[in-house]
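**Student:** Input: one structure, supplied below.
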Amino acid sequence: MQATGIIRGNMVDLHHRLVYSATISFENGIIKSIEKTGEVSPTQPFIIPGFIDSHIHIESSMLTPYEFAKTALRHGTIATISDPHEIANVCGLDGVLYMIENAKDAGLRFCFGAPSCVPATAFETAGDHITPADIDKLLSRPDVLYLSEMMNYPGVLFRDQEVMEKISIAQKHGKPIDGHAPGLTGDDAIRYIQNGISTDHECFTLEEADHKVKNGMKILIREGSAARNFDALHPLIKTCPEMVMFCSDDKHPDELLTGHINKLVARAVALGYDLFDVLRCACINPIEHYRIPTGQLRIGDTADFITVKDLQAFEVLSTYINGVPYFENGACILPEKKQDAINKFESYKLKPADFSVQGNHGELKVIDALDGQLITKCHLATIQPKNGLLESDVQQDILKLVVVNRYQKSTPAVAFIRNIGIRSGAFASTVAHDSHNIIAVGVDDNSIAEAVNALMDSKGGLSVVWKDETDVLPLPLAGLMSLDGCEDVAMAYQRLDQKVKQLGCLLRAPFMTLSFMALLVIPELKLSDKGLFDGKQFRFTGLQEK
C-alpha cells in the first residue's frame with residue numbers, strides 16, 4: 001500500500017544533525033517536500049526515521065512474520081534484517097520461501113537473508129540442507145538482501161569448499177555477508193574478515209569488538225531474550241558510531257510485547273550518548289549496510305518514519321511505511337489473516353529407560369550454563385553412580401540433559417548440565433538451535449520421558465512436567481512457531497515460564513537458554529542428537545573422557 005498526506009511535528013534530521021519544526025508532505029508513498037516551519041515545538045511529536053533490527057530470527061518470537069509485524073510496528077520498527085535460518089534447518093528452501101510469502105502483506109519491511117549454514121555442522125541431524133544452488137537461487141531475488149550469518153567460521157578459516165562457494169556466490173551477487181564468530185580474535189579474526197565477512201553480532205567483550213572494528217567489521221550490539229551484550233558493548237556508540245547497529249537476534253513474545261529496538265535507543269540516550277549517534281545506529285547504518293529499500297526521511301525517499309512523544313523514552317505514537325499509518329492511535333491496521341503451517345516431524349514414543357546412562361565413579365564433564373550468554377563452560381564434577389547408572393544430582397544442581405532426534409527414530413543423546421536449578425519435574429522444547437531436535441532437562445527419567453513424549457504428540461512446542469501435570473504450548477509451524485497472535489502466545493509462554501521457575505529455575509529465560517544448549521558452533525560444551533560436543537576442539541567428547 002502507498003498513501004498521500006501531510007504530517008507536522010519536530011523533524012529529527014539525522015543527516016544534518018538538526019531538530020526543527022517541519023511540515024512533511026508525501027504523495028503515493030514518496031516524500032515530496034520538507035518545509036521548516038520554526039524551532040522545536042514542545043507541543044508537537046518528534047518525527048524520526050523508523051527503527052531497524054539489524055539481525056533477528058523471527059522464528060524465535062514463536063510468531064509468523066505477519067503476527068510479529070503486528071507487535072513490532074507498535075514499537076516503531078519499520079524493517080528487520082531477518083535470518084530464516086531456523087525454519088530452513090527444519091524445512092529447507094521451502095521454509096525460507098514460506099517466510100518470504102507470509103511477510104509480503106505485513107507492512108513492515110522484512111529483509112530476508114539466504115541461510116549460509118544449514119545444517120550448521122555435520123555433527124547433528126537437521127531436517128534439510130541449503131545447498132550452494134539454493135543460495136544462488138535465493139540471492140538472485142531482489143527481496144533477499146544478504147548471505148546470513150556465516151557461523152561455520154572454522155570452515156572459513158580452513159577454506160572448506162562448500163563454505164567458500166557460498167561466500168563466492170554472495171560476492172557474485174554483490175550482497176553483504178553476515179558473520180558469527182564468538183570469541184574469535186587475533187589473526188584468525190582478521191582472516192575471517194578478509195574473506196568478506198562484514199558483521200558480527202556475537203561479541204561478548206569490548207576488547208573483541210574493538211579488534212574486529214579496527215579490522216573493518218561492523219558490530220551489531222545484541223540485546224535479546226537470552227543473550228545480552230549491550231552493557232559490555234555500548235561504549236562503541238561513542239568511539240565508532242558509524243560501525244554499530246542494534247539487534248535482538250532472538251526475541252521471545254512476552255518481551256516483544258514490551259518493546260523492541262526502541263528500548264535500546266532509550267537506554268543508550270539515558271546513558272548520555274549523543275542522540276544523533278544513537279539514532280544513526282538504530283535507523284541509518286542498517287539501511288546503508290544492507291541497502292534496504294526504505295526511507296531515511298529525505299525528499300525523494302519512501303515515506304517511512306515514526307512519531308514519538310519525546311526523545312528520552314521514545315514512546316511511539318505512530319509508524320508510517322510508504323506513507324501508510326500502520327500503527328496509530330494505539331492500534332495496528334493489519335487485519336486478521338489465515339495462515340497455514342508446514343512441518344517435518346516423525347513422532348515416536350520413548351520410555352524412561354531410553355534416557356539411562358551408564359557410568360562409574362569419577363570426574364564427569366558437565367555443561368555449565370551461563371545466564372544471559374550463549375557460551376557455556378565445561379565443569380568437572382563427581383556423581384555417585386546408582387546401580388551403575390548416572391542420574392541427576394539435585395543437591396549439586398547437576399541435571400540430566402537430553403536431545404532426541406525429531407526427524408527419524410533414534411537413540412537419545414544424554415549429558416549433564418549445571419545452573420538450571422529445577423528441583424523436580426522437567427521441561428522440553430523443539431526450539432533447539434540449530435537443528436531443532438527435541439531438547440529436555442529434568443531431575444528424573446520419568447519426567448524427562450513425559451516432557452519429550454508430550455512434544456512427540458504435539459509435533460513441536462514447549463512442555464513442562466510440573467506437579468504431576470504436563471503443560472504444552474504447541475508450535476505447529478515447523479515446531480518453532482504458533483499461528484496465533486503475540487498476546488496469546490506470550491500468555492501461554494509466560495504460563496510455562498512461570499511453572500519452570502516454580503520448579504526452582506533461576507534463569508531469566510529458561511526456554512531460551514535451554515534452546516542454545518544444542519548450538520554446537522558456540523563453545524564450550526554442547527549436546528547434539530549425536531552426542532556431547534566440545535566446541536573448542538570441534539569434535540565429540542565422552543562424558544568421562546579425559
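Scheme for the C-alpha cells: letters A, B, ... for chains in order shown; per-chain residue numbers from 1; ligand numbers from 1 in order shown.
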Would you please extract all alpha helix (DSSP H) residues from segment 184-421 of chain A, as assigned by DSSP on the backbone, and give them as a PyMOL selection string?
**Tutor:** chain A and resi 186-194+206-214+230-233+236-239+253-258+261-270+275-279+285-290
**Student:** The selected residues should be written to file as a compact mmCIF listing (two decimals), in the first residue's frame (atoms: N, CA and C atoms).
**Tutor:**
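Saved file selection_22.txt follows:
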```txt
# COMPACT_ATOMS: atom_id res chain seq x y z
N GLY A 186 42.45 -11.92 17.14
CA GLY A 186 43.79 -12.11 16.59
C GLY A 186 43.80 -12.37 15.10
N ASP A 187 44.79 -13.12 14.66
CA ASP A 187 44.96 -13.38 13.23
C ASP A 187 43.79 -14.16 12.64
N ASP A 188 43.19 -15.06 13.44
CA ASP A 188 42.05 -15.82 12.93
C ASP A 188 40.88 -14.89 12.60
N ALA A 189 40.62 -13.92 13.48
CA ALA A 189 39.55 -12.96 13.21
C ALA A 189 39.86 -12.15 11.95
N ILE A 190 41.09 -11.74 11.79
CA ILE A 190 41.49 -10.97 10.61
C ILE A 190 41.28 -11.78 9.35
N ARG A 191 41.68 -13.05 9.38
CA ARG A 191 41.49 -13.92 8.20
C ARG A 191 40.01 -14.11 7.90
N TYR A 192 39.22 -14.26 8.94
CA TYR A 192 37.77 -14.43 8.77
C TYR A 192 37.18 -13.19 8.09
N ILE A 193 37.54 -12.02 8.56
CA ILE A 193 37.04 -10.76 7.99
C ILE A 193 37.51 -10.59 6.55
N GLN A 194 38.75 -10.96 6.28
CA GLN A 194 39.31 -10.77 4.94
C GLN A 194 38.63 -11.64 3.88
N LEU A 206 34.21 -6.04 25.06
CA LEU A 206 34.54 -4.83 24.31
C LEU A 206 35.86 -4.99 23.58
N GLU A 207 36.80 -5.71 24.16
CA GLU A 207 38.10 -5.91 23.53
C GLU A 207 37.94 -6.67 22.21
N GLU A 208 37.12 -7.70 22.22
CA GLU A 208 36.87 -8.47 21.00
C GLU A 208 36.23 -7.58 19.93
N ALA A 209 35.23 -6.79 20.34
CA ALA A 209 34.55 -5.92 19.39
C ALA A 209 35.50 -4.86 18.83
N ASP A 210 36.32 -4.26 19.68
CA ASP A 210 37.28 -3.25 19.22
C ASP A 210 38.23 -3.83 18.17
N HIS A 211 38.71 -5.03 18.44
CA HIS A 211 39.64 -5.67 17.49
C HIS A 211 38.98 -5.88 16.13
N LYS A 212 37.73 -6.32 16.14
CA LYS A 212 37.03 -6.58 14.89
C LYS A 212 36.71 -5.28 14.15
N VAL A 213 36.34 -4.23 14.90
CA VAL A 213 36.09 -2.93 14.28
C VAL A 213 37.34 -2.40 13.60
N LYS A 214 38.47 -2.50 14.29
CA LYS A 214 39.73 -1.99 13.74
C LYS A 214 40.13 -2.70 12.45
N PHE A 230 24.55 -5.58 25.48
CA PHE A 230 24.51 -4.13 25.44
C PHE A 230 25.43 -3.52 26.50
N ASP A 231 25.38 -4.04 27.72
CA ASP A 231 26.17 -3.46 28.80
C ASP A 231 27.67 -3.54 28.52
N ALA A 232 28.09 -4.59 27.84
CA ALA A 232 29.52 -4.75 27.54
C ALA A 232 29.95 -3.90 26.34
N LEU A 233 29.07 -3.68 25.39
CA LEU A 233 29.48 -3.11 24.10
C LEU A 233 29.05 -1.66 23.86
N LEU A 236 30.97 1.48 22.23
CA LEU A 236 31.21 1.60 20.79
C LEU A 236 30.37 2.71 20.17
N ILE A 237 29.23 3.02 20.79
CA ILE A 237 28.35 4.07 20.25
C ILE A 237 29.09 5.41 20.21
N LYS A 238 29.98 5.63 21.15
CA LYS A 238 30.76 6.87 21.18
C LYS A 238 32.00 6.79 20.32
N THR A 239 32.71 5.66 20.38
CA THR A 239 34.01 5.58 19.71
C THR A 239 33.91 5.35 18.21
N PRO A 253 8.08 -13.81 22.73
CA PRO A 253 6.88 -12.98 22.52
C PRO A 253 6.53 -12.08 23.70
N ASP A 254 6.79 -12.53 24.92
CA ASP A 254 6.43 -11.70 26.07
C ASP A 254 7.28 -10.44 26.12
N GLU A 255 8.55 -10.55 25.74
CA GLU A 255 9.42 -9.37 25.72
C GLU A 255 9.13 -8.48 24.52
N LEU A 256 8.73 -9.08 23.41
CA LEU A 256 8.36 -8.28 22.24
C LEU A 256 7.17 -7.39 22.55
N LEU A 257 6.27 -7.86 23.37
CA LEU A 257 5.12 -7.05 23.75
C LEU A 257 5.54 -5.75 24.46
N THR A 258 6.64 -5.79 25.19
CA THR A 258 7.05 -4.63 25.99
C THR A 258 7.96 -3.67 25.23
N ILE A 261 13.60 -2.41 19.40
CA ILE A 261 14.80 -1.58 19.27
C ILE A 261 14.61 -0.23 19.96
N ASN A 262 13.38 0.23 20.07
CA ASN A 262 13.12 1.50 20.77
C ASN A 262 13.65 1.48 22.20
N LYS A 263 13.64 0.32 22.85
CA LYS A 263 14.13 0.24 24.22
C LYS A 263 15.65 0.41 24.28
N LEU A 264 16.35 -0.11 23.29
CA LEU A 264 17.81 0.07 23.25
C LEU A 264 18.17 1.52 23.00
N VAL A 265 17.41 2.17 22.13
CA VAL A 265 17.64 3.59 21.85
C VAL A 265 17.46 4.40 23.13
N ALA A 266 16.40 4.15 23.86
CA ALA A 266 16.14 4.89 25.10
C ALA A 266 17.26 4.65 26.12
N ARG A 267 17.73 3.40 26.22
CA ARG A 267 18.81 3.10 27.16
C ARG A 267 20.08 3.83 26.78
N ALA A 268 20.39 3.85 25.49
CA ALA A 268 21.63 4.50 25.06
C ALA A 268 21.58 6.00 25.30
N VAL A 269 20.46 6.62 25.01
CA VAL A 269 20.31 8.07 25.25
C VAL A 269 20.38 8.36 26.74
N ALA A 270 19.78 7.50 27.56
CA ALA A 270 19.81 7.71 29.01
C ALA A 270 21.23 7.62 29.57
N LEU A 275 22.45 11.88 20.81
CA LEU A 275 21.18 11.47 20.20
C LEU A 275 21.36 11.06 18.75
N PHE A 276 22.09 11.88 17.99
CA PHE A 276 22.23 11.61 16.56
C PHE A 276 23.07 10.35 16.30
N ASP A 277 24.07 10.11 17.15
CA ASP A 277 24.86 8.88 17.01
C ASP A 277 24.01 7.65 17.30
N VAL A 278 23.20 7.74 18.36
CA VAL A 278 22.34 6.61 18.73
C VAL A 278 21.35 6.30 17.61
N LEU A 279 20.70 7.34 17.09
CA LEU A 279 19.71 7.12 16.03
C LEU A 279 20.36 6.69 14.74
N ASN A 285 22.43 3.23 9.78
CA ASN A 285 23.50 2.29 9.44
C ASN A 285 23.00 1.00 8.81
N PRO A 286 21.90 0.39 9.30
CA PRO A 286 21.42 -0.83 8.65
C PRO A 286 20.97 -0.60 7.21
N ILE A 287 20.33 0.56 6.95
CA ILE A 287 19.88 0.86 5.60
C ILE A 287 21.07 0.92 4.65
N GLU A 288 22.12 1.61 5.09
CA GLU A 288 23.28 1.78 4.23
C GLU A 288 24.06 0.49 4.04
N HIS A 289 24.18 -0.30 5.11
CA HIS A 289 24.97 -1.53 5.01
C HIS A 289 24.27 -2.58 4.15
N TYR A 290 22.98 -2.78 4.40
CA TYR A 290 22.25 -3.84 3.69
C TYR A 290 21.52 -3.34 2.46
```
**Student:** Quick one: DSSP strand (DSSP E or B) residues in segment 376-504 of chain A, as an MDAnalysis selection string?
**Tutor:** chainID A and resid 376:382 386 389 393 398:404 413:418 426:429 438:442 461:466 469:474 477 481
**Student:** Using only C-alpha atoms, determine which residues lie at most 10 Å from segment 497-511 of chain A, disregarding the query and same-chain residues fewer than 3 positions distant; provide the list as a ChimeraX atom specification.
**Tutor:** /A:225-227,252,369-372,419-429,431-432,439-440,462-467,471,491-494,514-516
**Student:** Store the residues picked out above in a file with C-alpha atoms, as a short mmCIF file (atom, residue, chain, number, x, y, z; two decimals), in the first residue's frame.
**Tutor:**
```cif
data_model
loop_
_atom_site.label_atom_id
_atom_site.label_comp_id
_atom_site.auth_asym_id
_atom_site.auth_seq_id
_atom_site.Cartn_x
_atom_site.Cartn_y
_atom_site.Cartn_z
CA SER A 225 15.79 -12.60 25.43
CA ALA A 226 18.77 -14.77 26.38
CA ALA A 227 21.99 -13.25 25.03
CA HIS A 252 10.52 -14.13 22.91
CA ALA A 369 25.03 -22.90 31.57
CA LEU A 370 25.56 -19.14 31.95
CA ASP A 371 22.53 -16.91 32.37
CA GLY A 372 22.32 -14.33 29.59
CA ASN A 419 22.86 -23.99 36.76
CA ILE A 420 19.35 -24.90 35.60
CA GLY A 421 18.15 -25.14 39.20
CA ILE A 422 14.91 -27.12 38.98
CA ARG A 423 14.35 -29.49 41.90
CA SER A 424 11.55 -31.60 40.42
CA GLY A 425 9.95 -32.31 37.06
CA ALA A 426 11.34 -31.48 33.61
CA PHE A 427 10.89 -29.13 30.68
CA ALA A 428 11.47 -29.60 26.97
CA SER A 429 11.39 -27.77 23.65
CA VAL A 431 13.19 -24.86 19.66
CA ALA A 432 16.75 -26.17 19.93
CA ILE A 439 15.89 -30.91 23.92
CA ALA A 440 14.87 -31.59 27.52
CA LEU A 462 7.33 -26.31 24.61
CA SER A 463 6.39 -28.55 27.54
CA VAL A 464 6.68 -28.59 31.32
CA VAL A 465 6.16 -31.52 33.66
CA TRP A 466 5.02 -29.74 36.82
CA LYS A 467 3.38 -31.21 39.92
CA ASP A 471 1.53 -28.35 30.15
CA MET A 491 0.41 -15.53 27.70
CA ALA A 492 0.92 -19.25 27.05
CA TYR A 493 4.69 -18.86 27.07
CA GLN A 494 4.65 -16.90 30.34
CA LEU A 514 17.79 -24.41 27.01
CA SER A 515 17.41 -23.88 23.25
CA PHE A 516 21.08 -22.86 22.95
#
```
**Student:** Where does segment 85-146 of chain A meet segment 60-76 of chain A within 7 Å, residue by residue, with the nearest atom pair and distance in Å to one decimal for each, counting only C-alpha atoms, listed by chain and rising number, as a tab-separated table?
**Tutor:**
```
residue	atom	partner	partner_atom	distance
A:Met99	CA	A:Pro65	CA	6.7
A:Asn102	CA	A:Tyr66	CA	6.3
A:Ala103	CA	A:Pro65	CA	5.3
A:Ala106	CA	A:Tyr66	CA	5.1
A:Leu108	CA	A:Ala69	CA	6.0
```
**Student:** Pick out the residues sitting within 8 Å of Val357 of chain A, and hand them over as a CSV table (one decimal) with C-alpha atoms, in the first residue's frame; count only C-alpha atoms, and ignore anything fewer than 4 positions along from it in its own chain.
**Tutor:**
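What ended up in out21.csv:
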```csv
chain,number,residue,atom,x,y,z
A,389,LEU,CA,23.8,-45.6,36.3
A,390,LEU,CA,24.5,-41.9,36.4
A,391,GLU,CA,21.5,-39.9,37.4
A,414,VAL,CA,22.3,-37.8,27.1
```
**Student:** Taking 5 positions as the minimum chain separation for residues in the same chain, which residues sit within 7 Å of Lys459 of chain A when counting only C-alpha atoms? Answer as a compact mmCIF listing (two decimals) with C-alpha atoms, in the first residue's frame.
**Tutor:**
```txt
# COMPACT_ATOMS: atom_id res chain seq x y z
CA PHE A 345 8.31 -34.34 12.34
CA SER A 347 6.55 -38.94 16.18
CA PRO A 476 2.65 -26.39 14.71
CA GLY A 479 7.86 -26.93 15.66
```
**Student:** Compare A:Ala181, A:Ala22, A:Leu220, A:Ala303 by their minimum atom-to-atom distance to Pro49 of chain A, counting only C-alpha atoms, and give me the closest one.
**Tutor:**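 Among the listed residues, the smallest separation from Pro49 of chain A belongs to A:Ala303.
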**Student:** Tell me which protein, DNA and RNA residues are within 12 Å of Gly95 of chain A, counting only C-alpha atoms, leaving out same-chain ones fewer than 6 positions away, and put them as a list of chain:residue names.
**Tutor:** A:Glu59, A:Thr64, A:Asp83, A:Pro84, A:His85, A:Glu86, A:Ile87, A:Ala88, A:Asn89, A:Glu101, A:Asn102, A:Ala114, A:Pro115, A:Val118, A:Gly127, A:Asp128, A:His129, A:Ile130, A:Ala341, A:Ile342, A:Asn343, A:Lys344, A:Leu477, A:Ala478, A:Gly479, A:Leu480, A:Met481
**Student:** Quote the spacing between atom CA of Gly531 of chain A and atom CA of Lys166 of chain A in Å to one decimal place.
**Tutor:**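 Between atom CA of Gly531 of chain A and atom CA of Lys166 of chain A the gap works out to 28.0 Å.
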**Student:** Taking only C-alpha atoms into account, name the residue in A:Ile177, A:Met151, A:Val244, A:Ile284 that is nearest to Gly50 of chain A.
**Tutor:**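 Closest candidate: A:Ile284.
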**Student:** May I have the residues within 10 Å of Pro325 of chain A as an mmCIF file with C-alpha atoms, in the first residue's frame, using only C-alpha atoms and disregarding those fewer than 5 positions away in the same chain?
**Tutor:**
```cif
data_model
loop_
_atom_site.group_PDB
_atom_site.id
_atom_site.type_symbol
_atom_site.label_atom_id
_atom_site.label_comp_id
_atom_site.auth_asym_id
_atom_site.auth_seq_id
_atom_site.Cartn_x
_atom_site.Cartn_y
_atom_site.Cartn_z
ATOM 1 C CA GLN A 2 1.023 3.602 -0.645
ATOM 2 C CA ALA A 3 -0.547 6.779 0.667
ATOM 3 C CA LEU A 73 5.082 -1.873 14.325
ATOM 4 C CA GLY A 107 3.537 -3.700 6.090
ATOM 5 C CA ASP A 304 8.899 5.596 6.117
ATOM 6 C CA PHE A 305 9.086 7.235 9.535
ATOM 7 C CA ILE A 306 7.708 7.187 13.051
ATOM 8 C CA SER A 318 2.613 6.251 15.022
ATOM 9 C CA THR A 319 4.501 4.171 12.452
ATOM 10 C CA TYR A 320 4.329 5.048 8.752
ATOM 11 C CA ALA A 331 -3.980 0.383 17.048
ATOM 12 C CA CYS A 332 -2.322 -1.584 14.241
ATOM 13 C CA ILE A 333 -4.269 -1.662 10.972
#
```
**Student:** Check the smallest atom-to-atom distance from each of A:Met517, A:Val443, A:Ile52, A:Val308 to Ile292 of chain A using only C-alpha atoms, then report the winner.
**Tutor:**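 So, comparing all the options, the nearest one is A:Ile52.
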